[in-house]
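Single-structure report; data block below.
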Amino acid sequence: MTTIKKSVDELIDNVSNNLNIERETVKEMIKDVNHLSEKYIYVVSKDCIRCSLCYIECPVDAITKPTVRKPAEIIPDKCVKCEICAMTCPVDAIDVLNGSVNINNDNVVYNLNEKEIEHRTVKLKKYNIDLENCIKCGICARYCPTNAITVVRRESFEVDLNKCVGCKACENVCPKKVINVENELGELPFKKDIKVDNDVCVKCLACIDECPVGIISEISEGVEIDKSNCIFCGRCENVCPVHAIKISSKK
């Protein structure tokens, strides 16, 4: 955990100067704020292997497709913070941080804590390469996370399938598109449950409007959630005005 302290006066000065708001107005804005929390998800650029698994598996298209020149990136305005990208990344290149801000007497205390993420499995099913058209450039070997590929530039290509995890990085960065990889992804390790209490539900249907993957539907008793396809982003829980939806950890 990382903890940072700043004085309340310094915070007020920064907000006042940056937003051109009177100091007294800023004081009024924050007087009732005792605790704020937020989750941050980001790609560690130097560790991204361009496998595109995060891009493919993101349920809300909130990740840019990586290229040889650019790693994948989270699009903050689209991200629903479900953590599927972090669970799927085969090289742990996506970090999840839980951040909190507390105003304690005369200080603003910032806490950042890296969340430990359980990863789903990625397994190789089939590997094919067209050696006749392979130019032995070595780009695939550069991005292979397990050093399963050995290339002698312009001369030879070898792959050790015992080391290959099927991440598809080599396929995605190959300039001649001569590599084809089939893989198998394991189940997402959510270890969460979601329940709706239709005795409490007022049928405002705000949860249906808020669900980013469309797995909540109206029924005569209230609403029904398709648990098998839920991404546990928490948006329905947060928007429910009567707290009829609860997400909990499985024991």
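Residue numbering restarts at 1 for every chain of the structure tokens, chains are lettered A, B, ... in their displayed order, and ligands are numbered from 1 as they appear.
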
For this session: List the neighbours of region 210-213 of chain A out to 12 Å using only C-alpha atoms; skip same-chain residues closer than 2 positions along the sequence, and give me the result as a PyMOL selection string.
Result: chain A and resi 58-62+78-82+204-208+215-217+225-240

Exercise. Could you pull the residues within 9 Å of Lys46 (chain A), counting only C-alpha atoms, minus those fewer than 3 positions along the same chain, as a list of chain:residue names?
Worked result: A:Val43, A:Ile49, A:Pro71, A:Ala93

Exercise. So which residues of region 14-217 of chain A fall under strand (DSSP E or B) by DSSP, listed as an MDAnalysis selection string?
Worked result: chainID A and resid 35:43 63 74 94:104 107:114 122:129 149:152 156:159 179:185 192:196 216:217

Exercise. Leaving out Ser52 (chain A) and any residue of its chain fewer than 2 positions from it, which residues lie within 8 Å of it when counting only C-alpha atoms, given as a PyMOL selection string?
Worked result: chain A and resi 50+54-56+65-66+72+168-169+172

Exercise. Contacts of Asn133 (chain A) at 12 Å or less, counting only C-alpha atoms, minus same-chain residues fewer than 6 places along, as a PyMOL selection string?
Worked result: chain A and resi 154+156-157+174-179

Residues as selected, N, CA and C atoms, written as a PDB file, in the first residue's frame, can you do that?
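This went into part_8.pdb:
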ATOM      1  N   ARG A 154      16.580 -14.246 -40.783  1.00  0.00           N
ATOM      2  CA  ARG A 154      16.642 -14.567 -42.218  1.00  0.00           C
ATOM      3  C   ARG A 154      17.068 -16.013 -42.509  1.00  0.00           C
ATOM      4  N   SER A 156      16.321 -19.213 -39.918  1.00  0.00           N
ATOM      5  CA  SER A 156      15.534 -20.325 -39.372  1.00  0.00           C
ATOM      6  C   SER A 156      14.525 -19.867 -38.330  1.00  0.00           C
ATOM      7  N   PHE A 157      13.497 -20.695 -38.161  1.00  0.00           N
ATOM      8  CA  PHE A 157      12.441 -20.472 -37.168  1.00  0.00           C
ATOM      9  C   PHE A 157      12.178 -21.792 -36.452  1.00  0.00           C
ATOM     10  N   CYS A 174       3.031 -10.899 -36.202  1.00  0.00           N
ATOM     11  CA  CYS A 174       3.661 -11.372 -37.435  1.00  0.00           C
ATOM     12  C   CYS A 174       3.295 -10.475 -38.617  1.00  0.00           C
ATOM     13  N   PRO A 175       4.275  -9.850 -39.274  1.00  0.00           N
ATOM     14  CA  PRO A 175       3.966  -8.919 -40.376  1.00  0.00           C
ATOM     15  C   PRO A 175       3.440  -9.616 -41.626  1.00  0.00           C
ATOM     16  N   LYS A 176       3.718 -10.896 -41.766  1.00  0.00           N
ATOM     17  CA  LYS A 176       3.287 -11.645 -42.941  1.00  0.00           C
ATOM     18  C   LYS A 176       2.072 -12.524 -42.666  1.00  0.00           C
ATOM     19  N   LYS A 177       1.604 -12.535 -41.421  1.00  0.00           N
ATOM     20  CA  LYS A 177       0.414 -13.304 -41.033  1.00  0.00           C
ATOM     21  C   LYS A 177       0.530 -14.779 -41.415  1.00  0.00           C
ATOM     22  N   VAL A 178       1.688 -15.351 -41.111  1.00  0.00           N
ATOM     23  CA  VAL A 178       1.910 -16.759 -41.459  1.00  0.00           C
ATOM     24  C   VAL A 178       1.747 -17.690 -40.252  1.00  0.00           C
ATOM     25  N   ILE A 179       1.431 -17.109 -39.081  1.00  0.00           N
ATOM     26  CA  ILE A 179       1.271 -17.922 -37.871  1.00  0.00           C
ATOM     27  C   ILE A 179      -0.197 -17.958 -37.486  1.00  0.00           C
TER      28      ILE A 179
END

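Between Glu187 (chain A) and the candidates A:Val151, A:Leu53, A:Ile84, A:Val15, the tightest atom-to-atom separation, counting only C-alpha atoms, involves A:Ile84.
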
Lys6 (chain A): which residues within 7 Å, counting only C-alpha atoms, same-chain residues fewer than 4 positions away excluded, as a CSV table (one decimal) with N, CA and C atoms, in the first residue's frame?
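Everything below was put into part-v2.csv:
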chain,number,residue,atom,x,y,z
A,10,GLU,N,-3.8,22.9,1.0
A,10,GLU,CA,-3.2,22.7,-0.3
A,10,GLU,C,-4.1,22.2,-1.3
A,107,ASN,N,-5.6,17.1,7.1
A,107,ASN,CA,-4.9,16.4,6.1
A,107,ASN,C,-5.9,15.6,5.2
A,108,VAL,N,-5.5,15.6,3.9
A,108,VAL,CA,-6.1,14.7,2.9
A,108,VAL,C,-5.2,13.5,2.8
A,109,VAL,N,-5.7,12.3,3.0
A,109,VAL,CA,-4.9,11.1,3.0
A,109,VAL,C,-5.3,10.2,1.8

For this session: Step one, run DSSP on the backbone; step two, keep only residues of region 146-230 of chain A assigned to helix (DSSP H, G or I); then write them as a list in words.
Result: Ala169, Cys170, Glu171, Asn172, Val173, Ala206, Cys207, Ile208, Asp209, Glu210, Lys227, Ser228 and Asn229 of chain A
